[in-house]
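What follows is the content of target01.txt, which has compact mmCIF, C-alpha atoms:
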# COMPACT_ATOMS: atom_id res chain seq x y z
CA MET A 4 68.59 87.87 139.94
CA LYS A 5 71.89 87.37 138.12
CA ASP A 6 71.30 83.61 137.96
CA LEU A 7 67.83 84.15 136.52
CA GLU A 8 69.24 86.48 133.87
CA ARG A 9 71.92 83.94 133.04
CA LEU A 10 69.20 81.34 132.40
CA ARG A 11 67.78 83.62 129.69
CA THR A 12 70.90 83.35 127.57
CA LEU A 13 72.53 80.46 125.80
CA ILE A 14 75.90 82.06 126.43
CA LYS A 15 77.77 80.91 129.51
CA GLU A 16 80.06 83.34 131.31
CA PRO A 17 83.36 81.86 130.07
CA VAL A 18 82.14 82.15 126.47
CA GLU A 19 80.84 85.66 127.06
CA LEU A 20 84.24 86.64 128.44
CA VAL A 21 86.26 85.31 125.49
CA LEU A 22 83.84 86.81 122.96
CA ASN A 23 84.18 90.22 124.60
CA GLN A 24 87.96 89.81 124.49
CA GLN A 25 87.67 88.96 120.79
CA ILE A 26 85.57 92.06 120.18
CA GLN A 27 88.39 94.12 121.64
CA MET A 28 90.98 92.26 119.56
CA GLU A 29 89.01 92.89 116.36
CA LEU A 30 88.68 96.59 117.17
CA VAL A 31 92.39 96.85 117.97
CA SER A 32 93.07 95.17 114.62
CA SER A 33 90.82 97.73 112.96
CA SER A 34 92.79 100.52 114.61
CA LYS A 35 96.12 98.96 113.55
CA TYR A 36 94.93 98.67 109.95
CA LEU A 37 93.81 102.29 110.03
CA ALA A 38 97.29 103.32 111.24
CA MET A 39 98.84 101.25 108.44
CA ALA A 40 96.56 102.94 105.91
CA GLY A 41 97.66 106.32 107.19
CA TRP A 42 101.34 105.35 107.01
CA CYS A 43 100.89 104.06 103.45
CA ASP A 44 99.09 107.26 102.47
CA ARG A 45 101.87 109.42 103.92
CA ASN A 46 104.52 107.39 102.12
CA GLY A 47 102.94 107.28 98.66
CA TYR A 48 101.58 103.74 98.70
CA ASP A 49 98.09 104.70 97.56
CA HIS A 50 96.93 101.21 96.59
CA SER A 51 98.14 99.65 99.82
CA ALA A 52 96.50 102.49 101.75
CA GLY A 53 93.18 101.63 100.09
CA PHE A 54 93.69 97.97 100.96
CA PHE A 55 94.28 98.84 104.63
CA TYR A 56 91.32 101.22 104.83
CA LYS A 57 89.16 98.34 103.62
CA GLN A 58 90.79 95.92 106.08
CA SER A 59 90.12 98.35 108.93
CA GLU A 60 86.41 98.37 108.08
CA GLU A 61 86.34 94.57 107.81
CA GLU A 62 87.84 94.17 111.27
CA ARG A 63 85.24 96.54 112.70
CA GLU A 64 82.52 94.46 111.01
CA HIS A 65 83.98 91.32 112.61
CA ALA A 66 83.75 92.97 116.03
CA MET A 67 80.21 94.15 115.41
CA LYS A 68 79.12 90.67 114.34
CA LEU A 69 80.22 89.34 117.74
CA PHE A 70 78.80 92.34 119.59
CA HIS A 71 75.37 91.85 118.00
CA TYR A 72 75.53 88.10 118.59
CA LEU A 73 76.10 88.60 122.32
CA CYS A 74 73.28 91.14 122.52
CA ASP A 75 70.92 88.92 120.52
CA GLN A 76 71.59 86.04 122.90
CA GLY A 77 70.81 88.12 125.99
CA ALA A 78 74.45 88.27 127.05
CA ILE A 79 76.42 91.42 127.81
CA ALA A 80 78.58 92.89 125.07
CA TYR A 81 81.06 95.39 126.44
CA THR A 82 82.38 98.39 124.57
CA PRO A 83 86.13 97.88 124.95
CA GLU A 84 88.85 100.43 125.41
CA ILE A 85 91.22 100.55 122.48
CA PRO A 86 94.85 101.27 123.34
CA ALA A 87 97.04 103.45 121.15
CA VAL A 88 98.64 101.60 118.25
CA PRO A 89 101.93 102.26 116.43
CA GLN A 90 101.66 104.88 113.70
CA GLU A 91 105.11 104.50 112.15
CA PHE A 92 106.77 101.57 110.43
CA ASP A 93 110.28 100.93 109.09
CA GLY A 94 109.00 100.21 105.60
CA LEU A 95 106.37 98.42 103.57
CA ARG A 96 107.76 95.02 104.49
CA SER A 97 107.52 95.94 108.17
CA VAL A 98 103.86 96.86 107.66
CA PHE A 99 103.04 93.46 106.16
CA GLU A 100 105.09 91.60 108.77
CA THR A 101 102.95 93.34 111.38
CA VAL A 102 99.84 92.26 109.49
CA LEU A 103 100.90 88.61 109.50
CA GLU A 104 101.79 88.69 113.20
CA GLN A 105 98.43 90.27 114.01
CA GLU A 106 96.47 87.75 111.94
CA ILE A 107 98.29 84.80 113.53
CA THR A 108 97.41 86.22 116.95
CA VAL A 109 93.75 86.53 115.91
CA THR A 110 93.75 82.95 114.59
CA ASP A 111 95.13 81.69 117.91
CA SER A 112 92.40 83.61 119.73
CA ILE A 113 89.65 82.18 117.50
CA ASN A 114 90.97 78.67 118.14
CA ARG A 115 90.97 79.36 121.90
CA ILE A 116 87.35 80.53 121.72
CA ILE A 117 86.33 77.33 119.97
CA GLY A 118 88.04 75.35 122.73
CA VAL A 119 86.06 77.28 125.37
CA CYS A 120 82.83 76.70 123.41
CA ARG A 121 83.51 72.96 123.32
CA ARG A 122 84.28 72.82 127.05
CA GLU A 123 81.08 74.73 127.81
CA GLY A 124 78.94 72.78 125.32
CA ASP A 125 78.08 75.99 123.43
CA TYR A 126 77.50 74.57 119.97
CA ALA A 127 75.72 77.66 118.63
CA THR A 128 78.68 79.92 119.31
CA GLU A 129 81.08 77.28 118.00
CA GLU A 130 79.08 77.25 114.77
CA LEU A 131 79.36 81.06 114.54
CA MET A 132 83.11 80.85 115.08
CA LYS A 133 83.52 78.55 112.06
CA TRP A 134 82.97 81.64 109.90
CA TYR A 135 85.90 83.31 111.68
CA VAL A 136 88.10 80.24 111.10
CA LYS A 137 87.46 80.50 107.37
CA GLU A 138 88.12 84.22 107.44
CA GLN A 139 91.45 83.70 109.19
CA VAL A 140 92.62 81.19 106.57
CA GLU A 141 92.04 83.93 103.98
CA GLU A 142 93.64 86.71 106.07
CA GLU A 143 96.82 84.76 106.80
CA TYR A 144 97.14 83.65 103.17
CA ILE A 145 96.89 87.23 101.92
CA ALA A 146 99.48 88.48 104.43
CA ARG A 147 101.91 85.69 103.53
CA ARG A 148 101.40 86.23 99.79
CA CYS A 149 102.03 89.95 100.15
CA LEU A 150 105.31 89.27 101.96
CA GLU A 151 106.29 86.86 99.17
CA LEU A 152 105.59 89.56 96.58
CA ILE A 153 107.66 92.10 98.51
CA ASP A 154 110.56 89.65 98.41
CA GLN A 155 110.09 88.86 94.69
CA ILE A 156 109.51 92.29 93.15
CA PRO A 157 112.61 94.51 92.91
CA ALA A 158 112.68 97.61 95.08
CA ASP A 159 112.97 99.89 92.03
CA GLN A 160 109.48 98.75 90.97
CA ILE A 161 107.84 100.01 94.17
CA TYR A 162 104.75 101.48 92.48
CA TYR A 163 104.09 98.24 90.63
CA LEU A 164 104.53 96.43 93.94
CA ASP A 165 102.10 98.80 95.66
CA LYS A 166 99.46 98.10 93.02
CA LYS A 167 100.08 94.35 93.06
CA LEU A 168 99.86 94.09 96.88
CA ALA A 169 96.45 95.72 96.92
CA SER A 170 95.10 93.15 94.46
CA VAL A 171 96.06 89.98 96.36
CA THR A 172 93.05 87.76 97.06
CA TYR A 173 92.40 84.24 98.25
CA ASP A 174 90.51 82.56 95.43
CA GLU A 175 91.14 78.92 96.28
CA ASN A 176 89.19 78.78 99.54
CA PRO A 177 88.98 75.08 100.49
CA PHE A 178 85.87 75.82 102.56
CA ASP A 179 83.80 76.97 99.60
CA GLU A 180 81.29 74.43 98.45
CA ALA A 181 81.67 73.23 94.87
Produce structure tokens that represent the structure in this file.
Amino acid sequence: MKDLERLRTLIKEPVELVLNQQIQMELVSSSKYLAMAGWCDRNGYDHSAGFFYKQSEEEREHAMKLFHYLCDQGAIAYTPEIPAVPQEFDGLRSVFETVLEQEITVTDSINRIIGVCRREGDYATEELMKWYVKEQVEEEYIARRCLELIDQIPADQIYYLDKKLASVTYDENPFDEA
């Protein structure tokens, strides 16, 4: 019966596995961003807190996009367990260093998924993952730019820095069509 069910989906088991792993990674990212938002709130960085609350929701949306895709294709989407995440940070710079590390890890995972899709000949899922590639270019840029701002703006202007960090965007997306 399992083989018959597998014929009803375009998703091969190796792709299903890595997509479910990515769902968990996105939900862990959401949890980490929520913890960062809470830390920023507790430490008076209201604008950065708002930025991280929004990021937390975005990461959840990324997970749900994959979850729905698996379900729509007749594959199995698993509800993952989310481990506890750190709630405390050494400072604002530490928060954004954690962001960049997390986003680089996500980018590596997306690239790995595309490799699995290519090996399995799953062009539909590879096409879906192109959206995630574009998203990661933006996410890494924003994290790097925020770290640059932290290094450039004097510590005695912390409230200006907080406001500036929350407004960083990626406007020059090379993937946008002219």
Find the residues around Asp165 of chain A up to 6 Å (only C-alpha atoms counted), leave out those fewer than 6 positions away in its own chain, and share them as a short mmCIF file (atom, residue, chain, number, x, y, z; two decimals) with C-alpha atoms, in the frame of the given file.
data_model
loop_
_atom_site.label_atom_id
_atom_site.label_comp_id
_atom_site.auth_asym_id
_atom_site.auth_seq_id
_atom_site.Cartn_x
_atom_site.Cartn_y
_atom_site.Cartn_z
CA TYR A 48 101.58 103.74 98.70
CA HIS A 50 96.93 101.21 96.59
CA SER A 51 98.14 99.65 99.82
#
Name the residues in contact with Phe70 of chain A at a cut-off of 8 Å, using only C-alpha atoms, excluding same-chain residues fewer than 5 positions from it; report them as a list in words. Asn23, Ile26, Ala80 and Tyr81 of chain A
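Closest to Gln76 of chain A among A:Lys15, A:Arg147, A:Lys133, A:Arg63 is A:Lys15, based on only C-alpha atoms.
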One residue among A:Glu129, A:Asp49, A:Glu64, A:Glu29 is nearest to Pro83 of chain A when using all atoms listed in the file, and that residue is A:Glu29
Using only C-alpha atoms: which of A:Cys120, A:Leu30, A:Leu95, A:Leu22 has the shortest distance to His71 of chain A: A:Leu22
Using only C-alpha atoms, can you tell me which of A:Asp154, A:Gly47, A:Ala87, A:Val102 comes closest to Lys166 of chain A?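 Result for the nearest residue to Lys166 of chain A: A:Gly47.
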